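Shown below: work_27.pdb, with PDB, C-alpha atoms.
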```pdb
ATOM      1  CA  MET A   8     152.880  -8.724  57.699
ATOM      2  CA  THR A   9     152.371  -7.890  61.319
ATOM      3  CA  PHE A  10     149.374  -6.493  63.147
ATOM      4  CA  PRO A  11     150.911  -2.993  63.569
ATOM      5  CA  ALA A  12     151.834  -2.925  59.868
ATOM      6  CA  ASP A  13     148.267  -3.884  58.964
ATOM      7  CA  LEU A  14     146.914  -1.068  61.113
ATOM      8  CA  LYS A  15     149.272   1.373  59.433
ATOM      9  CA  THR A  16     148.105   0.208  55.998
ATOM     10  CA  LEU A  17     144.457   0.734  56.962
ATOM     11  CA  LEU A  18     145.097   4.158  58.468
ATOM     12  CA  THR A  19     147.175   5.269  55.512
ATOM     13  CA  GLY A  20     144.395   4.091  53.214
ATOM     14  CA  ALA A  21     142.022   6.414  55.050
ATOM     15  CA  GLY A  22     144.239   9.365  54.154
ATOM     16  CA  LEU A  23     146.036   9.633  57.494
ATOM     17  CA  SER A  24     149.779  10.187  57.744
ATOM     18  CA  ASN A  25     152.619  10.360  60.300
ATOM     19  CA  ILE A  26     151.777   6.945  61.720
ATOM     20  CA  VAL A  27     154.256   5.339  64.092
ATOM     21  CA  ASN A  28     154.183   2.135  66.073
ATOM     22  CA  GLY A  29     155.193   1.563  69.663
ATOM     23  CA  GLN A  30     156.311   4.902  71.063
ATOM     24  CA  LEU A  31     155.310   8.519  70.646
ATOM     25  CA  PRO A  32     158.150  10.467  69.036
ATOM     26  CA  HIS A  33     158.995  13.946  70.333
ATOM     27  CA  SER A  34     158.146  15.433  66.946
ATOM     28  CA  PRO A  35     156.232  16.174  64.783
ATOM     29  CA  ASP A  36     153.296  17.537  66.756
ATOM     30  CA  ASP A  37     150.733  15.828  64.550
ATOM     31  CA  VAL A  38     151.252  12.095  64.826
ATOM     32  CA  ILE A  39     149.271   8.875  65.239
ATOM     33  CA  MET A  40     150.756   6.185  67.438
ATOM     34  CA  THR A  41     149.584   2.591  67.386
ATOM     35  CA  ARG A  42     150.802   0.115  69.950
ATOM     36  CA  VAL A  43     149.862  -3.493  70.528
ATOM     37  CA  THR A  44     148.532  -3.936  74.065
ATOM     38  CA  GLY A  45     148.487  -7.707  74.355
ATOM     39  CA  GLY A  46     145.157  -9.296  73.639
ATOM     40  CA  PHE A  47     142.818 -12.062  74.603
ATOM     41  CA  GLU A  48     143.389 -15.800  74.475
ATOM     42  CA  ALA A  49     143.351 -17.169  70.912
ATOM     43  CA  LEU A  50     140.284 -19.105  69.792
ATOM     44  CA  GLU A  51     140.738 -22.685  68.611
ATOM     45  CA  THR A  52     138.285 -24.702  66.592
ATOM     46  CA  HIS A  53     137.885 -28.475  66.318
ATOM     47  CA  ASP A  54     140.291 -28.636  63.382
ATOM     48  CA  SER A  55     142.915 -26.559  65.153
ATOM     49  CA  VAL A  56     142.397 -23.367  63.218
ATOM     50  CA  VAL A  57     143.384 -20.571  65.538
ATOM     51  CA  TYR A  58     142.035 -17.067  65.586
ATOM     52  CA  GLU A  59     144.344 -14.579  67.252
ATOM     53  CA  ARG A  60     142.646 -11.788  69.193
ATOM     54  CA  PRO A  61     145.186  -8.989  69.608
ATOM     55  CA  THR A  62     144.321  -5.590  71.026
ATOM     56  CA  ALA A  63     145.888  -2.254  70.238
ATOM     57  CA  GLN A  64     145.713   1.360  71.272
ATOM     58  CA  VAL A  65     145.526   4.218  68.820
ATOM     59  CA  LEU A  66     146.670   7.562  70.206
ATOM     60  CA  VAL A  67     146.285  10.675  68.079
ATOM     61  CA  ARG A  68     148.332  13.756  68.961
ATOM     62  CA  ALA A  69     147.894  17.148  67.339
ATOM     63  CA  SER A  70     148.571  20.804  67.957
ATOM     64  CA  THR A  71     144.878  21.543  68.493
ATOM     65  CA  PHE A  72     142.074  19.547  70.033
ATOM     66  CA  ALA A  73     139.924  19.901  66.909
ATOM     67  CA  ILE A  74     142.572  18.341  64.677
ATOM     68  CA  ALA A  75     143.282  15.534  67.145
ATOM     69  CA  TRP A  76     139.590  14.708  67.539
ATOM     70  CA  SER A  77     138.917  14.836  63.805
ATOM     71  CA  ARG A  78     141.854  12.556  62.960
ATOM     72  CA  ALA A  79     140.842  10.176  65.749
ATOM     73  CA  LEU A  80     137.336   9.950  64.306
ATOM     74  CA  THR A  81     138.773   9.164  60.865
ATOM     75  CA  ALA A  82     141.100   6.537  62.361
ATOM     76  CA  GLN A  83     138.286   4.968  64.351
ATOM     77  CA  ALA A  84     136.106   4.666  61.249
ATOM     78  CA  ALA A  85     138.989   3.145  59.262
ATOM     79  CA  LEU A  86     139.506   0.499  61.935
ATOM     80  CA  ARG A  87     135.905  -0.716  62.047
ATOM     81  CA  LYS A  88     135.766  -3.497  59.429
ATOM     82  CA  ARG A  89     134.567  -7.062  59.088
ATOM     83  CA  ASN A  90     135.819  -9.981  57.007
ATOM     84  CA  PHE A  91     138.622  -8.452  54.976
ATOM     85  CA  VAL A  92     142.195  -9.142  53.929
ATOM     86  CA  VAL A  93     145.040  -6.689  54.413
ATOM     87  CA  ASN A  94     148.682  -7.407  53.563
ATOM     88  CA  GLY A  95     147.739 -11.057  53.067
ATOM     89  CA  THR A  96     146.180 -11.549  56.505
ATOM     90  CA  ARG A  97     142.482 -12.326  56.858
ATOM     91  CA  TYR A  98     140.633 -10.494  59.593
ATOM     92  CA  LEU A  99     137.261 -11.671  60.790
ATOM     93  CA  SER A 100     136.709  -8.381  62.536
ATOM     94  CA  LEU A 101     138.418  -5.237  63.636
ATOM     95  CA  LYS A 102     136.533  -2.905  65.909
ATOM     96  CA  PRO A 103     136.978  -0.147  68.469
ATOM     97  CA  THR A 104     136.278  -1.382  71.995
ATOM     98  CA  ASP A 105     135.664   2.010  73.497
ATOM     99  CA  GLY A 106     134.872   5.567  72.516
ATOM    100  CA  LEU A 107     137.316   8.367  71.929
ATOM    101  CA  VAL A 108     138.925   9.597  75.136
ATOM    102  CA  ASP A 109     140.340  13.088  75.471
ATOM    103  CA  LEU A 110     143.626  12.692  77.366
ATOM    104  CA  GLY A 111     144.197  16.430  77.557
ATOM    105  CA  LYS A 112     147.492  18.125  76.752
ATOM    106  CA  ASP A 113     150.898  16.510  77.042
ATOM    107  CA  SER A 114     153.737  17.989  79.110
ATOM    108  CA  GLN A 115     155.276  20.019  76.284
ATOM    109  CA  LYS A 116     154.972  23.801  76.159
ATOM    110  CA  PRO A 117     152.702  24.587  74.459
ATOM    111  CA  GLY A 118     150.897  21.347  75.218
ATOM    112  CA  ARG A 119     149.769  19.112  72.393
ATOM    113  CA  HIS A 120     146.345  17.500  72.540
ATOM    114  CA  GLU A 121     145.978  13.732  72.733
ATOM    115  CA  VAL A 122     142.934  11.617  71.924
ATOM    116  CA  SER A 123     142.945   7.858  72.350
ATOM    117  CA  PHE A 124     140.856   4.755  71.674
ATOM    118  CA  ASN A 125     141.384   0.989  71.784
ATOM    119  CA  ILE A 126     140.621  -1.737  69.253
ATOM    120  CA  THR A 127     140.300  -5.519  69.217
ATOM    121  CA  ALA A 128     140.938  -7.728  66.198
ATOM    122  CA  VAL A 129     140.009 -11.305  65.392
ATOM    123  CA  MET A 130     142.444 -12.537  62.770
ATOM    124  CA  GLY A 131     142.871 -15.849  60.995
ATOM    125  CA  VAL A 132     146.242 -17.538  61.022
TER     126      VAL A 132
ATOM    127  CA  MET B  17      92.181 -45.641  63.462
ATOM    128  CA  ALA B  18      95.465 -45.379  65.311
ATOM    129  CA  LYS B  19      96.024 -42.366  67.486
ATOM    130  CA  GLY B  20      99.443 -40.912  68.348
ATOM    131  CA  GLY B  21     100.717 -38.304  70.740
ATOM    132  CA  VAL B  22     102.974 -37.528  73.657
ATOM    133  CA  THR B  23     101.783 -36.853  77.153
ATOM    134  CA  PHE B  24     103.911 -34.884  79.590
ATOM    135  CA  LYS B  25     103.405 -35.649  83.239
ATOM    136  CA  ASN B  26     104.529 -33.342  86.005
ATOM    137  CA  ALA B  27     105.184 -30.562  83.490
ATOM    138  CA  GLU B  28     104.853 -27.928  86.233
ATOM    139  CA  LYS B  29     107.479 -29.683  88.345
ATOM    140  CA  VAL B  30     109.879 -29.899  85.389
ATOM    141  CA  ALA B  31     109.337 -26.214  84.571
ATOM    142  CA  ALA B  32     109.928 -25.258  88.210
ATOM    143  CA  ALA B  33     113.113 -27.344  88.319
ATOM    144  CA  ILE B  34     114.435 -25.682  85.141
ATOM    145  CA  LYS B  35     113.584 -22.252  86.535
ATOM    146  CA  ASN B  36     115.313 -23.090  89.803
ATOM    147  CA  PHE B  37     118.366 -24.413  87.942
ATOM    148  CA  ALA B  38     118.584 -21.219  85.884
ATOM    149  CA  LYS B  39     118.335 -19.129  89.038
ATOM    150  CA  ARG B  40     121.063 -21.086  90.821
ATOM    151  CA  SER B  41     123.204 -21.009  87.687
ATOM    152  CA  ALA B  42     122.936 -17.212  87.498
ATOM    153  CA  SER B  43     123.740 -16.992  91.203
ATOM    154  CA  GLY B  44     126.856 -19.109  90.643
ATOM    155  CA  THR B  45     127.819 -16.927  87.692
ATOM    156  CA  ARG B  46     127.553 -13.782  89.810
ATOM    157  CA  GLU B  47     129.604 -15.358  92.593
ATOM    158  CA  GLY B  48     132.274 -16.530  90.133
ATOM    159  CA  LEU B  49     132.442 -13.137  88.420
ATOM    160  CA  THR B  50     132.802 -11.414  91.787
ATOM    161  CA  VAL B  51     135.641 -13.689  92.912
ATOM    162  CA  TRP B  52     137.390 -13.270  89.536
ATOM    163  CA  GLY B  53     136.900  -9.502  89.729
ATOM    164  CA  HIS B  54     138.434  -9.246  93.186
ATOM    165  CA  GLU B  55     141.368 -11.450  92.185
ATOM    166  CA  THR B  56     141.990  -9.323  89.103
ATOM    167  CA  MET B  57     141.717  -6.093  91.087
ATOM    168  CA  THR B  58     144.182  -7.456  93.649
ATOM    169  CA  ILE B  59     146.688  -8.215  90.877
ATOM    170  CA  ALA B  60     146.120  -4.784  89.307
ATOM    171  CA  LYS B  61     146.775  -3.004  92.602
ATOM    172  CA  ARG B  62     149.715  -5.197  93.573
ATOM    173  CA  ASP B  63     151.592  -5.322  90.260
ATOM    174  CA  PHE B  64     150.348  -2.680  87.840
ATOM    175  CA  VAL B  65     148.975   0.574  89.309
ATOM    176  CA  PRO B  66     151.494   3.427  89.367
ATOM    177  CA  VAL B  67     152.039   4.433  92.977
ATOM    178  CA  GLU B  68     153.324   7.761  94.146
ATOM    179  CA  PHE B  69     151.073   8.595  97.073
ATOM    180  CA  GLY B  70     148.702   5.663  96.695
ATOM    181  CA  THR B  71     145.708   7.860  95.860
ATOM    182  CA  LEU B  72     144.929   6.153  92.568
ATOM    183  CA  MET B  73     145.479   2.680  93.985
ATOM    184  CA  ALA B  74     143.027   3.360  96.802
ATOM    185  CA  THR B  75     140.220   4.108  94.339
ATOM    186  CA  GLY B  76     140.123   0.650  92.746
ATOM    187  CA  THR B  77     136.673  -0.900  93.165
ATOM    188  CA  VAL B  78     134.823  -4.051  92.145
ATOM    189  CA  GLU B  79     131.059  -3.650  91.775
ATOM    190  CA  GLU B  80     128.368  -6.158  90.970
ATOM    191  CA  ALA B  81     126.078  -4.963  88.201
ATOM    192  CA  GLY B  82     123.600  -6.271  85.642
ATOM    193  CA  SER B  83     120.437  -8.149  86.535
ATOM    194  CA  ASP B  84     119.751 -11.367  88.448
ATOM    195  CA  SER B  85     119.528 -13.308  85.181
ATOM    196  CA  ALA B  86     122.462 -11.543  83.475
ATOM    197  CA  PRO B  87     125.027 -10.639  86.133
ATOM    198  CA  GLU B  88     127.958  -8.354  85.346
ATOM    199  CA  ILE B  89     131.051  -7.213  87.174
ATOM    200  CA  VAL B  90     132.592  -3.744  86.879
ATOM    201  CA  LEU B  91     136.219  -3.059  87.790
ATOM    202  CA  SER B  92     137.223   0.586  87.914
ATOM    203  CA  PHE B  93     139.718   3.128  89.171
ATOM    204  CA  GLY B  94     139.146   6.802  89.829
ATOM    205  CA  GLY B  95     135.404   6.925  90.238
ATOM    206  CA  ASP B  96     134.112  10.140  91.808
ATOM    207  CA  SER B  97     137.293  10.707  93.791
ATOM    208  CA  PRO B  98     139.861  13.448  93.011
ATOM    209  CA  ALA B  99     141.852  10.729  91.234
ATOM    210  CA  GLY B 100     138.990  10.340  88.754
ATOM    211  CA  ALA B 101     140.264  13.248  86.702
ATOM    212  CA  TYR B 102     143.623  11.658  86.005
ATOM    213  CA  ALA B 103     142.858   7.926  86.191
ATOM    214  CA  ILE B 104     142.058   7.663  82.468
ATOM    215  CA  PRO B 105     145.032   9.730  81.191
ATOM    216  CA  VAL B 106     147.392   7.752  83.447
ATOM    217  CA  HIS B 107     145.854   4.523  82.149
ATOM    218  CA  GLU B 108     145.965   5.481  78.474
ATOM    219  CA  ARG B 109     149.045   7.672  78.106
ATOM    220  CA  PRO B 110     152.244   5.697  77.474
ATOM    221  CA  ALA B 111     154.647   6.674  80.242
ATOM    222  CA  ARG B 112     157.394   5.326  82.423
ATOM    223  CA  HIS B 113     156.636   5.112  86.131
ATOM    224  CA  SER B 114     159.027   4.247  88.939
ATOM    225  CA  LYS B 115     156.451   1.717  90.120
ATOM    226  CA  GLY B 116     153.604   0.411  87.996
ATOM    227  CA  SER B 117     152.684   1.095  84.404
ATOM    228  CA  ASP B 118     150.053   2.503  82.095
ATOM    229  CA  LYS B 119     147.229   0.124  81.099
ATOM    230  CA  PHE B 120     147.207  -0.866  84.773
ATOM    231  CA  LEU B 121     143.681  -2.312  84.581
ATOM    232  CA  GLN B 122     143.463  -3.505  80.963
ATOM    233  CA  THR B 123     146.639  -5.602  81.133
ATOM    234  CA  PRO B 124     145.726  -7.667  84.209
ATOM    235  CA  ALA B 125     142.100  -7.975  83.028
ATOM    236  CA  GLN B 126     143.261  -9.394  79.679
ATOM    237  CA  GLN B 127     145.744 -11.702  81.340
ATOM    238  CA  GLU B 128     143.240 -12.963  83.897
ATOM    239  CA  SER B 129     140.474 -13.360  81.281
ATOM    240  CA  LYS B 130     142.047 -16.736  80.460
ATOM    241  CA  LYS B 131     140.885 -17.951  83.873
ATOM    242  CA  LEU B 132     137.428 -16.363  83.749
ATOM    243  CA  LEU B 133     135.447 -19.263  82.268
ATOM    244  CA  GLY B 134     137.133 -21.755  84.586
ATOM    245  CA  VAL B 135     136.384 -19.718  87.719
ATOM    246  CA  VAL B 136     132.770 -19.007  86.740
ATOM    247  CA  GLY B 137     132.239 -22.640  85.722
ATOM    248  CA  GLN B 138     133.501 -23.791  89.102
ATOM    249  CA  PHE B 139     130.958 -21.614  90.920
ATOM    250  CA  ILE B 140     128.112 -22.654  88.605
ATOM    251  CA  ARG B 141     128.864 -26.302  89.328
ATOM    252  CA  LYS B 142     128.910 -25.572  93.048
ATOM    253  CA  ALA B 143     125.629 -23.633  92.920
ATOM    254  CA  THR B 144     123.773 -26.174  90.792
ATOM    255  CA  GLY B 145     125.236 -29.306  92.336
ATOM    256  CA  LEU B 146     126.481 -30.632  89.011
TER     257      LEU B 146
END
```
Could you spell out this file's structure in structure tokens?
Amino acid sequence: MTFPADLKTLLTGAGLSNIVNGQLPHSPDDVIMTRVTGGFEALETHDSVVYERPTAQVLVRASTFAIAWSRALTAQAALRKRNFVVNGTRYLSLKPTDGLVDLGKDSQKPGRHEVSFNITAVMGV
Amino acid sequence: MAKGGVTFKNAEKVAAAIKNFAKRSASGTREGLTVWGHETMTIAKRDFVPVEFGTLMATGTVEEAGSDSAPEIVLSFGGDSPAGAYAIPVHERPARHSKGSDKFLQTPAQQESKKLLGVVGQFIRKATGL
């Protein structure tokens, strides 16, 4: 499986729904978008085992700030794990690299609230 | 009865040399971080920051931080300027811009991080004479 699919599995497992990857859809109002934002150089060991270090952004949109913030907190907690396997891929770590950021309302009328945070993974290959 | 032991001579001189080496090494690290930071900021401003009036681009700064023994470098946009209020949303919100893109600091910082150890190592070698 791929990194975005693994994130979706973890978020779904935490009871979250309406999870999309890549782009924010126009609807529904309540949605969680994950998108891979590149990453850092892979780590290599003496026996050529490589650990990929991708990064991703998680953006939570909701009709009210309270819902967006609450779902973002749940997502952030679900994406803080160490030494686990999901969809057959071993992760050494998965952790948020910053706090929740309130991005304010989007350009729709009425505006929908957006809260964002970023994560970094270290995954075995 | 046989006696054993090790005697250190000039221990103070050795300790002073190690201390001096550590100081010069940290100085080289700070210099390397600063050069890397300015290079990365230049790339961010040239290739990544969305530009409409240039307000956001003008707020990009590179600041030395941390302590003498543990230097740090801080790259930022927005700061206390009027652009500070929208720097983070513009950085984090996926959007199309006629020039530039979102993640205008994270993307170049991640890309340039591959060069970080090499640049810092070069300045440490220069500072310590290795």
Tell me as a ChimeraX atom specification which residues belonging to chain B come within 9 Å of chain A, counting only C-alpha atoms. /B:102,104-106,108-110,119,122-123,126-127,129-130
Please, what distance in Å, to one decimal, runs between CA of Phe120 (chain B) and CA of Ser43 (chain B)? 29.2 Å
Please indicate the distance in Å from CA of Ala69 (chain A) to CA of Lys102 (chain A), rounded to one decimal place.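 Distance between the two atoms: 23.1 Å.
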Any idea what's packed within 12 Å of Arg40 (chain B), counting all atoms listed in the file, ignoring anything in its chain fewer than 6 positions away? Could you give it as a count of residues only? 14
Residues at most 9 Å from Gln138 (chain B), counting all atoms listed in the file, excluding those fewer than 5 positions away in the same chain, as a ChimeraX atom specification? /B:44,48,133,143
Expansion of the PyMOL selection byres ((chain A and resi 82-99) around 7) into residues, as JSON, numbers by chain: {"A": [8, 13, 17, 18, 21, 78, 79, 80, 81, 100, 101, 102, 103, 129, 130, 131]}
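Distance check against Val136 (chain B) using all atoms listed in the file: of B:Ala111, B:Val22, B:Val51, B:Val30, the minimum falls on B:Val51.
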For each of A:His53, A:Arg60, A:Lys116, A:Arg68, take the minimum atom-to-atom distance to Pro35 (chain A), counting all atoms listed in the file, then give the residue where this is smallest.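 Closest residue, counting all atoms listed in the file: A:Arg68.
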Selection dump of the PyMOL selection byres ((chain B and resi 117) around 8), as a PyMOL selection string: chain B and resi 64-66+107+111-113+115-116+118-120
